[in-house]
Amino acid sequence: MTENHAEPHTTTPAPSAEPTIATVTFLRPTIPAPAADGWSDLPDGTDPALSIPPMPTTAPAIGPDDRTVVLETARTILDKTPAAEPVVRSGKFVGTVDLDDFDDAPLILAWMYSAEGWAAWCGVFYRARRRDFRRWVRRQPTQRGHVRQFGRGVRRSHEWVVGFEGVRVQSASHTAHVLTREARLAARHARFTPRILGSKKELAMKAAERATKAAEEAVLLHKKAKKDRNRARNLRAGVVYGPPLTAIGTGYVTGGGLGLAAGLLSTFAGGAFVGRTPYDEEADWSSDWRSLGDGDRMTAPMLDASFRAAKVIGSEETLGVVQMPMLDTRGAWTTILDLPPGVPAKKAIRATDELAAAFGVEEAQVSVAKRGRAGRIELYVSRDLPFTDKAKPGPLLALESAADFWGRISIGPDVRGIHQSISVVERSGLIGGEPGAGKSASGNTILLAAALDPRVILWLADGKGGGDLEPFEHLCERYEGDADPEAFSAMLDELLAVMKARYALLKKLGKRKVTEDLANKHPELRQLLLWVDELMLYTTDEEYGKKITRKLRNLVSRGRAAGIITFCATQKPGSDVVDTSLRDLLSIRWALRCTTPEASDTILGKGAAASGYSAKTIQSEMRGAGLLWAEGTNPTMLRADYYTDEQVDTLLERATAWRRAAGTLPSGPVALAEQLLKLGDEDAVILAHLLDAFHYDVPEMTADWLPGQVLLDHLKGQGLTVTAEKLGALVVRTDEEKAKRPWGEKGSRLAGYPLGRVEATITARFGLTA
């Protein structure tokens, strides 16, 4: 234990045999000096000694058995801290002790004397600064964040620079335009007033002069207003933008990168200071009219207000936000919402037009889809009008091997940019839309996928007769490209016979339907695609229309299990074009741009437009876009993959090579000369070589008439000895056909044979046609 008397310190250690309990410093209490008369200036009857807490005046003795005394003394010292003492100086009561009144001795905090005190102070300081930093970070996303403050400061500074002079300039401009137009009319009236009308001519001239003078004054006032506006704006711009630019430039010149950073930081601090006060709700005029279309963020209050404005929810109802609104990589807003109890998802889907108006965007930019359950929807609002950018190359161009038509077929991206695909196995489809909507380009996605699979058999019919399907002709088992209803009806008869043969084979094999494994084992059961373009021409034919409809209905209803897939394309598949009994069997519906909601319903089905799915909403700029209803409960807006004519030719070359390698490339039409040579008849051989003489082995150089001597020379060159008499007996001509015609450069008139007569002889003799 350590005692501290008025004398020098004396240390008395505890006995070595016992452990040290505590170290206590004993301080002798200070007793105020009495006054001269023995009493202080305290209130009457008060003993100065009694105002001091009882403290021992001498240190208690310490011994081996005096531990209790030591502890009690320490407790007394710690618990009985003297209060502020009255001070008596020169016999007079002065007051309580002023702790700062220590003469010249500085006031030093107690914790500054020890390392533990400094460590504690540093810990408190660190925790306080860390809390300040966290508060600063949480503050930034709010309206009082420094970035928001700087933005408001820039906006306010710019608004002050712009000022209100523009209103006066606009007013002067309007006045000048009006007066100029009136002066022009007055001058015209004065110019065309006849001089014989003396007084009227004079009045008209004076009126024209007055109008011209007023117009000139108005133009001068407009120029002066513009000049004053520009002067005021330049002055204010110098005040606002001059100091920041000076600070940044000076900092960069004097301090380099560090000085530039300092200048930018000072500019940021100044802007944040100007915008330190947030806008009041009443003063923010833009809050009444800004929307998603104006660049605002999608928030929960905006969603509630928009759905209330669209009459989807009541004025007192709110939406449940399942997934907070967020921006995707395309800059579009997406969110998942729960409608109030009792409000179905189809109500929001039907109100797409009203929601688009509330959001300030086009209807085509808003996509509302059911998500999971009846009252939950997924809202997607694209930044720009979808499907107006340049189409990317289709995925078929990247194929390095044959396609798989048994699998899923790539169709195109939806509004979210997600690629959609469908399966056409045991399905049938209908594609419709107005002219120019992109039916041919959209159909290429399915046709090319089928062509690139060597196992698929193609039967194509082009009701347009325009050559859109002509590049696929050499890949087809059957092709009708002349828009001939009779020929198409005959094609359907042949296809019905094929279907009957397939079912007979399935019955023999003990199978119910064609599968991929079964088709690989039996090539005659390969998938067969019947594609009919411009179905309207065939079904509206007076003689064959009803027959064609009946045969198609038979194929669509029964051909699925036999591996026959039917797709039809037309402009407006109404009941007068496609019978409802046939249309309802086509399970895949693809509605491209239509002129009316009713036309869209003829493709997607009755009631689709009322449910919010109408191809009428597709804009003309959205080429190739359409509503595809292939899978799921609702149609999907997407754009078909686009392939240019050059890309189509490239893909068809690959398809030809792959089919040739697989042995499934159809043999083309056999030339008439080859058919004759196969007969082995002597006359047939002569006629075959005659055809070669007419064609010169090059189809583009085909002649309609040749002299007899030219034909005989050609036959002689082929090793055939034929006289003129034998040739005349073989190809019998009429008197008119025997007439001589000019030939050669000299125009000599010679007798000859027309090509038509040779072909007619072949048909009459052997029953062959070209």
# chains A, B, ... in the order shown; residues from 1 in each chain; ligands from 1
>>> closest_atom_pairs(of="region 152-206 of chain A", to="region 223-244 of chain A", cutoff="12 Å", atoms="only C-alpha atoms", output="JSON lines")
{"residue": "A:Gly153", "atom": "CA", "partner": "A:Val240", "partner_atom": "CA", "distance": 10.7}
{"residue": "A:Val154", "atom": "CA", "partner": "A:Val240", "partner_atom": "CA", "distance": 9.5}
{"residue": "A:Arg155", "atom": "CA", "partner": "A:Val240", "partner_atom": "CA", "distance": 11.5}
{"residue": "A:Arg156", "atom": "CA", "partner": "A:Val240", "partner_atom": "CA", "distance": 10.4}
{"residue": "A:Ser157", "atom": "CA", "partner": "A:Val240", "partner_atom": "CA", "distance": 6.7}
{"residue": "A:His158", "atom": "CA", "partner": "A:Ala237", "partner_atom": "CA", "distance": 8.2}
{"residue": "A:Glu159", "atom": "CA", "partner": "A:Arg233", "partner_atom": "CA", "distance": 10.3}
{"residue": "A:Trp160", "atom": "CA", "partner": "A:Arg236", "partner_atom": "CA", "distance": 7.5}
{"residue": "A:Val161", "atom": "CA", "partner": "A:Arg236", "partner_atom": "CA", "distance": 5.2}
{"residue": "A:Val162", "atom": "CA", "partner": "A:Arg233", "partner_atom": "CA", "distance": 6.0}
{"residue": "A:Gly163", "atom": "CA", "partner": "A:Arg233", "partner_atom": "CA", "distance": 7.3}
{"residue": "A:Phe164", "atom": "CA", "partner": "A:Arg229", "partner_atom": "CA", "distance": 8.6}
{"residue": "A:Glu165", "atom": "CA", "partner": "A:Arg229", "partner_atom": "CA", "distance": 5.4}
{"residue": "A:Gly166", "atom": "CA", "partner": "A:Arg229", "partner_atom": "CA", "distance": 6.8}
{"residue": "A:Val167", "atom": "CA", "partner": "A:Ala225", "partner_atom": "CA", "distance": 9.8}
{"residue": "A:Arg168", "atom": "CA", "partner": "A:Ala225", "partner_atom": "CA", "distance": 6.8}
{"residue": "A:Val169", "atom": "CA", "partner": "A:Ala225", "partner_atom": "CA", "distance": 5.4}
{"residue": "A:Gln170", "atom": "CA", "partner": "A:Ala225", "partner_atom": "CA", "distance": 9.1}
{"residue": "A:Ser171", "atom": "CA", "partner": "A:Ala225", "partner_atom": "CA", "distance": 9.6}
{"residue": "A:Ala172", "atom": "CA", "partner": "A:Ala225", "partner_atom": "CA", "distance": 7.4}
{"residue": "A:Ser173", "atom": "CA", "partner": "A:Lys223", "partner_atom": "CA", "distance": 8.7}
{"residue": "A:Ala176", "atom": "CA", "partner": "A:Lys223", "partner_atom": "CA", "distance": 9.9}
>>> select_by_dssp(residues="region 306-440 of chain A", states="helix (DSSP H, G or I)", output="number ranges by chain")
A: 306-309, 345-350, 352-359, 363-365, 395-398, 439-440
>>> write_last_selection(atoms="C-alpha atoms", output="PDB file, in the first residue's frame")
ATOM      1  CA  SER A 306     -50.814   3.682 -63.439  1.00  0.00           C
ATOM      2  CA  PHE A 307     -52.969   0.647 -62.645  1.00  0.00           C
ATOM      3  CA  ARG A 308     -55.546   2.903 -60.986  1.00  0.00           C
ATOM      4  CA  ALA A 309     -55.581   5.199 -64.015  1.00  0.00           C
ATOM      5  CA  ALA A 345     -54.766 -11.442 -64.482  1.00  0.00           C
ATOM      6  CA  LYS A 346     -56.811 -11.239 -67.692  1.00  0.00           C
ATOM      7  CA  LYS A 347     -58.194  -7.869 -66.567  1.00  0.00           C
ATOM      8  CA  ALA A 348     -54.671  -6.426 -66.613  1.00  0.00           C
ATOM      9  CA  ILE A 349     -53.904  -8.132 -69.912  1.00  0.00           C
ATOM     10  CA  ARG A 350     -57.017  -6.619 -71.524  1.00  0.00           C
ATOM     11  CA  THR A 352     -52.620  -3.152 -72.015  1.00  0.00           C
ATOM     12  CA  ASP A 353     -53.608  -0.104 -74.086  1.00  0.00           C
ATOM     13  CA  GLU A 354     -54.679   1.853 -70.989  1.00  0.00           C
ATOM     14  CA  LEU A 355     -51.531   0.856 -69.108  1.00  0.00           C
ATOM     15  CA  ALA A 356     -49.385   2.009 -72.028  1.00  0.00           C
ATOM     16  CA  ALA A 357     -51.113   5.395 -71.955  1.00  0.00           C
ATOM     17  CA  ALA A 358     -50.551   5.631 -68.203  1.00  0.00           C
ATOM     18  CA  PHE A 359     -46.855   4.778 -68.589  1.00  0.00           C
ATOM     19  CA  GLU A 363     -48.944  -0.163 -76.628  1.00  0.00           C
ATOM     20  CA  ALA A 364     -46.467  -2.460 -78.363  1.00  0.00           C
ATOM     21  CA  GLN A 365     -43.865  -1.593 -75.694  1.00  0.00           C
ATOM     22  CA  PRO A 395     -29.286 -19.513 -85.853  1.00  0.00           C
ATOM     23  CA  LEU A 396     -29.589 -21.845 -88.869  1.00  0.00           C
ATOM     24  CA  LEU A 397     -26.575 -20.124 -90.442  1.00  0.00           C
ATOM     25  CA  ALA A 398     -24.384 -21.469 -87.639  1.00  0.00           C
ATOM     26  CA  LYS A 439     -45.479 -14.148 -94.040  1.00  0.00           C
ATOM     27  CA  SER A 440     -42.910 -15.435 -96.552  1.00  0.00           C
TER      28      SER A 440
END
>>> residues_around(residues="region 715-719 of chain A", least_positions_apart="6", cutoff="8 Å", atoms="only C-alpha atoms", output="list in words")
Ile686, His689 and Leu690 of chain A
>>> write_last_selection(atoms="N, CA, C and O atoms", output="PDB file, in the first residue's frame")
ATOM      1  N   ILE A 686     -33.836 -41.741-132.902  1.00  0.00           N
ATOM      2  CA  ILE A 686     -33.760 -40.654-133.884  1.00  0.00           C
ATOM      3  C   ILE A 686     -34.456 -39.409-133.347  1.00  0.00           C
ATOM      4  O   ILE A 686     -33.929 -38.286-133.451  1.00  0.00           O
ATOM      5  N   HIS A 689     -32.358 -37.601-130.676  1.00  0.00           N
ATOM      6  CA  HIS A 689     -31.282 -36.786-131.235  1.00  0.00           C
ATOM      7  C   HIS A 689     -31.829 -35.559-131.958  1.00  0.00           C
ATOM      8  O   HIS A 689     -31.145 -34.526-132.017  1.00  0.00           O
ATOM      9  N   LEU A 690     -33.041 -35.661-132.491  1.00  0.00           N
ATOM     10  CA  LEU A 690     -33.655 -34.476-133.085  1.00  0.00           C
ATOM     11  C   LEU A 690     -33.913 -33.407-132.022  1.00  0.00           C
ATOM     12  O   LEU A 690     -33.691 -32.215-132.257  1.00  0.00           O
TER      13      LEU A 690
END
>>> select_by_dssp(residues="region 651-758 of chain A", states="strand (DSSP E)", output="PDB file with C-alpha atoms, in the first residue's frame")
ATOM      1  CA  TRP A 705     -37.808 -24.368-136.161  1.00  0.00           C
ATOM      2  CA  LEU A 706     -34.833 -25.834-138.018  1.00  0.00           C
ATOM      3  CA  PRO A 707     -34.207 -26.640-141.695  1.00  0.00           C
ATOM      4  CA  ARG A 741     -38.742 -20.097-144.297  1.00  0.00           C
ATOM      5  CA  PRO A 742     -35.727 -17.803-144.550  1.00  0.00           C
ATOM      6  CA  TRP A 743     -32.560 -19.152-142.922  1.00  0.00           C
ATOM      7  CA  SER A 748     -32.236 -18.424-148.229  1.00  0.00           C
ATOM      8  CA  ARG A 749     -35.665 -19.994-148.008  1.00  0.00           C
ATOM      9  CA  LEU A 750     -35.524 -23.631-146.913  1.00  0.00           C
ATOM     10  CA  GLY A 752     -37.785 -27.469-142.239  1.00  0.00           C
ATOM     11  CA  TYR A 753     -39.406 -28.979-139.158  1.00  0.00           C
ATOM     12  CA  PRO A 754     -40.959 -27.119-136.182  1.00  0.00           C
TER      13      PRO A 754
END
>>> residues_around(residues="region 661-664 of chain A", least_positions_apart="4", cutoff="9 Å", atoms="only C-alpha atoms", output="number ranges by chain")
A: 454-457, 475, 656-657
>>> write_last_selection(atoms="N, CA and C atoms", output="short mmCIF file (atom, residue, chain, number, x, y, z; two decimals), in the first residue's frame")
data_model
loop_
_atom_site.label_atom_id
_atom_site.label_comp_id
_atom_site.auth_asym_id
_atom_site.auth_seq_id
_atom_site.Cartn_x
_atom_site.Cartn_y
_atom_site.Cartn_z
N PRO A 454 -32.24 -33.83 -93.74
CA PRO A 454 -32.37 -34.68 -94.94
C PRO A 454 -33.47 -35.72 -94.83
N ARG A 455 -33.99 -35.97 -93.62
CA ARG A 455 -35.00 -37.00 -93.46
C ARG A 455 -36.40 -36.51 -93.79
N VAL A 456 -36.60 -35.20 -93.91
CA VAL A 456 -37.93 -34.64 -94.10
C VAL A 456 -38.27 -34.62 -95.59
N ILE A 457 -39.48 -35.09 -95.92
CA ILE A 457 -39.99 -35.07 -97.29
C ILE A 457 -40.81 -33.80 -97.48
N LEU A 475 -35.70 -29.63 -104.01
CA LEU A 475 -35.68 -30.46 -102.81
C LEU A 475 -37.00 -31.16 -102.57
N THR A 656 -28.96 -29.17 -99.98
CA THR A 656 -28.79 -30.05 -101.15
C THR A 656 -27.63 -31.00 -100.95
N ALA A 657 -26.51 -30.47 -100.44
CA ALA A 657 -25.34 -31.33 -100.23
C ALA A 657 -25.63 -32.40 -99.19
#
>>> residues_around(residues="region 578-595 of chain A", least_positions_apart="2", cutoff="7 Å", atoms="only C-alpha atoms", output="ChimeraX atom specification")
/A:427-434,437,539,553,556-557,573-576,599-600,603-604,615-616,618,625-630
>>> atom_distance(atom1="CA of Glu362 (chain A)", atom2="CA of Gly412 (chain A)")
21.9 Å
>>> residues_around(residues="Val731 (chain A)", least_positions_apart="5", cutoff="10 Å", atoms="only C-alpha atoms", output="number ranges by chain")
A: 687, 726, 753-754, 757-762
>>> write_last_selection(atoms="N, CA and C atoms", output="tab-separated table (two decimals), in the first residue's frame")
chain	number	residue	atom	x	y	z
A	687	LEU	N	-35.65	-39.59	-132.76
A	687	LEU	CA	-36.38	-38.44	-132.22
A	687	LEU	C	-35.63	-37.80	-131.06
A	726	LYS	N	-37.05	-40.63	-145.10
A	726	LYS	CA	-37.34	-41.32	-143.85
A	726	LYS	C	-37.71	-40.33	-142.75
A	753	TYR	N	-38.51	-28.29	-140.09
A	753	TYR	CA	-39.41	-28.98	-139.16
A	753	TYR	C	-39.55	-28.11	-137.89
A	754	PRO	N	-40.78	-27.85	-137.45
A	754	PRO	CA	-40.96	-27.12	-136.18
A	754	PRO	C	-40.78	-28.06	-134.98
A	757	ARG	N	-43.94	-29.89	-133.76
A	757	ARG	CA	-44.36	-31.08	-134.50
A	757	ARG	C	-43.57	-32.31	-134.04
A	758	VAL	N	-42.27	-32.11	-133.73
A	758	VAL	CA	-41.46	-33.24	-133.25
A	758	VAL	C	-41.98	-33.72	-131.90
A	759	GLU	N	-42.29	-32.79	-130.99
A	759	GLU	CA	-42.81	-33.19	-129.68
A	759	GLU	C	-44.18	-33.84	-129.80
A	760	ALA	N	-45.02	-33.33	-130.72
A	760	ALA	CA	-46.33	-33.94	-130.91
A	760	ALA	C	-46.19	-35.36	-131.45
A	761	THR	N	-45.20	-35.59	-132.32
A	761	THR	CA	-44.97	-36.94	-132.85
A	761	THR	C	-44.55	-37.88	-131.72
A	762	ILE	N	-43.69	-37.39	-130.80
A	762	ILE	CA	-43.24	-38.22	-129.68
A	762	ILE	C	-44.42	-38.58	-128.77
>>> atom_distance(atom1="CA of Gly436 (chain A)", atom2="CA of Thr570 (chain A)")
11.8 Å
>>> closest_residue(among="A:Phe405, A:Ala751, A:Arg276, A:Arg733", to="Ser421 (chain A)", atoms="only C-alpha atoms")
A:Phe405
>>> decode(residues="region 145-159 of chain A", atoms="all heavy atoms", output="mmCIF file, in the first residue's frame")
data_model
loop_
_atom_site.group_PDB
_atom_site.id
_atom_site.type_symbol
_atom_site.label_atom_id
_atom_site.label_comp_id
_atom_site.auth_asym_id
_atom_site.auth_seq_id
_atom_site.Cartn_x
_atom_site.Cartn_y
_atom_site.Cartn_z
ATOM 1 N N GLY A 145 -28.632 12.639 -50.802
ATOM 2 C CA GLY A 145 -27.326 12.147 -51.186
ATOM 3 C C GLY A 145 -26.543 13.198 -51.954
ATOM 4 O O GLY A 145 -27.107 14.068 -52.624
ATOM 5 N N HIS A 146 -25.222 13.111 -51.882
ATOM 6 C CA HIS A 146 -24.409 14.163 -52.494
ATOM 7 C C HIS A 146 -24.530 14.168 -54.013
ATOM 8 O O HIS A 146 -24.470 15.229 -54.644
ATOM 9 C CB HIS A 146 -22.956 13.993 -52.071
ATOM 10 C CG HIS A 146 -22.722 14.317 -50.622
ATOM 11 N ND1 HIS A 146 -22.819 13.367 -49.631
ATOM 12 C CD2 HIS A 146 -22.439 15.490 -50.002
ATOM 13 C CE1 HIS A 146 -22.574 13.946 -48.468
ATOM 14 N NE2 HIS A 146 -22.343 15.225 -48.645
ATOM 15 N N VAL A 147 -24.697 12.975 -54.609
ATOM 16 C CA VAL A 147 -24.879 12.939 -56.061
ATOM 17 C C VAL A 147 -26.202 13.594 -56.441
ATOM 18 O O VAL A 147 -26.281 14.368 -57.411
ATOM 19 C CB VAL A 147 -24.821 11.483 -56.563
ATOM 20 C CG1 VAL A 147 -25.115 11.408 -58.053
ATOM 21 C CG2 VAL A 147 -23.453 10.873 -56.263
ATOM 22 N N ARG A 148 -27.267 13.292 -55.671
ATOM 23 C CA ARG A 148 -28.550 13.943 -55.932
ATOM 24 C C ARG A 148 -28.437 15.452 -55.703
ATOM 25 O O ARG A 148 -29.012 16.245 -56.463
ATOM 26 C CB ARG A 148 -29.617 13.357 -55.006
ATOM 27 C CG ARG A 148 -29.905 11.872 -55.246
ATOM 28 C CD ARG A 148 -30.786 11.680 -56.444
ATOM 29 N NE ARG A 148 -31.151 10.279 -56.625
ATOM 30 C CZ ARG A 148 -32.202 9.696 -56.078
ATOM 31 N NH1 ARG A 148 -33.007 10.405 -55.301
ATOM 32 N NH2 ARG A 148 -32.462 8.427 -56.292
ATOM 33 N N GLN A 149 -27.711 15.839 -54.676
ATOM 34 C CA GLN A 149 -27.539 17.274 -54.427
ATOM 35 C C GLN A 149 -26.823 17.945 -55.596
ATOM 36 O O GLN A 149 -27.210 19.039 -56.036
ATOM 37 C CB GLN A 149 -26.741 17.481 -53.137
ATOM 38 C CG GLN A 149 -27.503 17.100 -51.869
ATOM 39 C CD GLN A 149 -26.707 17.411 -50.622
ATOM 40 O OE1 GLN A 149 -25.748 18.183 -50.657
ATOM 41 N NE2 GLN A 149 -27.105 16.814 -49.512
ATOM 42 N N PHE A 150 -25.766 17.292 -56.086
ATOM 43 C CA PHE A 150 -25.044 17.872 -57.222
ATOM 44 C C PHE A 150 -25.952 17.950 -58.443
ATOM 45 O O PHE A 150 -25.936 18.944 -59.180
ATOM 46 C CB PHE A 150 -23.810 17.029 -57.525
ATOM 47 C CG PHE A 150 -23.027 17.513 -58.703
ATOM 48 C CD1 PHE A 150 -22.211 18.636 -58.619
ATOM 49 C CD2 PHE A 150 -23.114 16.861 -59.932
ATOM 50 C CE1 PHE A 150 -21.499 19.082 -59.714
ATOM 51 C CE2 PHE A 150 -22.401 17.300 -61.027
ATOM 52 C CZ PHE A 150 -21.590 18.417 -60.913
ATOM 53 N N GLY A 151 -26.762 16.910 -58.676
ATOM 54 C CA GLY A 151 -27.689 16.954 -59.806
ATOM 55 C C GLY A 151 -28.686 18.089 -59.694
ATOM 56 O O GLY A 151 -28.963 18.788 -60.674
ATOM 57 N N ARG A 152 -29.242 18.261 -58.488
ATOM 58 C CA ARG A 152 -30.169 19.390 -58.296
ATOM 59 C C ARG A 152 -29.449 20.718 -58.464
ATOM 60 O O ARG A 152 -30.002 21.683 -59.014
ATOM 61 C CB ARG A 152 -30.802 19.303 -56.910
ATOM 62 C CG ARG A 152 -31.836 18.212 -56.752
ATOM 63 C CD ARG A 152 -32.668 18.448 -55.501
ATOM 64 N NE ARG A 152 -31.858 18.437 -54.295
ATOM 65 C CZ ARG A 152 -31.611 17.354 -53.554
ATOM 66 N NH1 ARG A 152 -32.106 16.185 -53.924
ATOM 67 N NH2 ARG A 152 -30.879 17.422 -52.472
ATOM 68 N N GLY A 153 -28.197 20.775 -57.988
ATOM 69 C CA GLY A 153 -27.456 22.021 -58.148
ATOM 70 C C GLY A 153 -27.216 22.372 -59.606
ATOM 71 O O GLY A 153 -27.375 23.532 -60.016
ATOM 72 N N VAL A 154 -26.842 21.364 -60.409
ATOM 73 C CA VAL A 154 -26.629 21.606 -61.843
ATOM 74 C C VAL A 154 -27.929 22.035 -62.495
ATOM 75 O O VAL A 154 -27.969 22.962 -63.318
ATOM 76 C CB VAL A 154 -26.059 20.338 -62.502
ATOM 77 C CG1 VAL A 154 -26.023 20.495 -64.021
ATOM 78 C CG2 VAL A 154 -24.662 20.042 -61.974
ATOM 79 N N ARG A 155 -29.027 21.359 -62.114
ATOM 80 C CA ARG A 155 -30.318 21.698 -62.719
ATOM 81 C C ARG A 155 -30.739 23.120 -62.359
ATOM 82 O O ARG A 155 -31.178 23.893 -63.217
ATOM 83 C CB ARG A 155 -31.356 20.688 -62.243
ATOM 84 C CG ARG A 155 -32.765 20.959 -62.749
ATOM 85 C CD ARG A 155 -33.706 19.893 -62.241
ATOM 86 N NE ARG A 155 -35.095 20.208 -62.588
ATOM 87 C CZ ARG A 155 -36.127 19.472 -62.232
ATOM 88 N NH1 ARG A 155 -35.934 18.366 -61.540
ATOM 89 N NH2 ARG A 155 -37.353 19.827 -62.565
ATOM 90 N N ARG A 156 -30.596 23.453 -61.088
ATOM 91 C CA ARG A 156 -30.990 24.805 -60.675
ATOM 92 C C ARG A 156 -30.113 25.863 -61.324
ATOM 93 O O ARG A 156 -30.602 26.926 -61.748
ATOM 94 C CB ARG A 156 -30.907 24.907 -59.153
ATOM 95 C CG ARG A 156 -32.022 24.150 -58.441
ATOM 96 C CD ARG A 156 -31.794 24.116 -56.953
ATOM 97 N NE ARG A 156 -32.896 23.440 -56.269
ATOM 98 C CZ ARG A 156 -32.882 23.067 -55.004
ATOM 99 N NH1 ARG A 156 -31.805 23.312 -54.256
ATOM 100 N NH2 ARG A 156 -33.925 22.472 -54.455
ATOM 101 N N SER A 157 -28.807 25.569 -61.407
ATOM 102 C CA SER A 157 -27.911 26.541 -62.044
ATOM 103 C C SER A 157 -28.265 26.723 -63.513
ATOM 104 O O SER A 157 -28.306 27.856 -64.023
ATOM 105 C CB SER A 157 -26.462 26.064 -61.907
ATOM 106 O OG SER A 157 -26.104 25.920 -60.538
ATOM 107 N N HIS A 158 -28.560 25.608 -64.195
ATOM 108 C CA HIS A 158 -28.916 25.716 -65.610
ATOM 109 C C HIS A 158 -30.239 26.457 -65.791
ATOM 110 O O HIS A 158 -30.383 27.261 -66.721
ATOM 111 C CB HIS A 158 -29.001 24.320 -66.215
ATOM 112 C CG HIS A 158 -29.340 24.317 -67.669
ATOM 113 N ND1 HIS A 158 -28.470 24.758 -68.647
ATOM 114 C CD2 HIS A 158 -30.484 23.966 -68.314
ATOM 115 C CE1 HIS A 158 -29.048 24.662 -69.821
ATOM 116 N NE2 HIS A 158 -30.262 24.185 -69.661
ATOM 117 N N GLU A 159 -31.201 26.164 -64.910
ATOM 118 C CA GLU A 159 -32.476 26.880 -65.019
ATOM 119 C C GLU A 159 -32.282 28.381 -64.797
ATOM 120 O O GLU A 159 -32.943 29.206 -65.441
ATOM 121 C CB GLU A 159 -33.464 26.310 -64.006
ATOM 122 C CG GLU A 159 -33.954 24.900 -64.352
ATOM 123 C CD GLU A 159 -34.836 24.343 -63.268
ATOM 124 O OE1 GLU A 159 -34.899 24.960 -62.174
ATOM 125 O OE2 GLU A 159 -35.448 23.273 -63.491
#
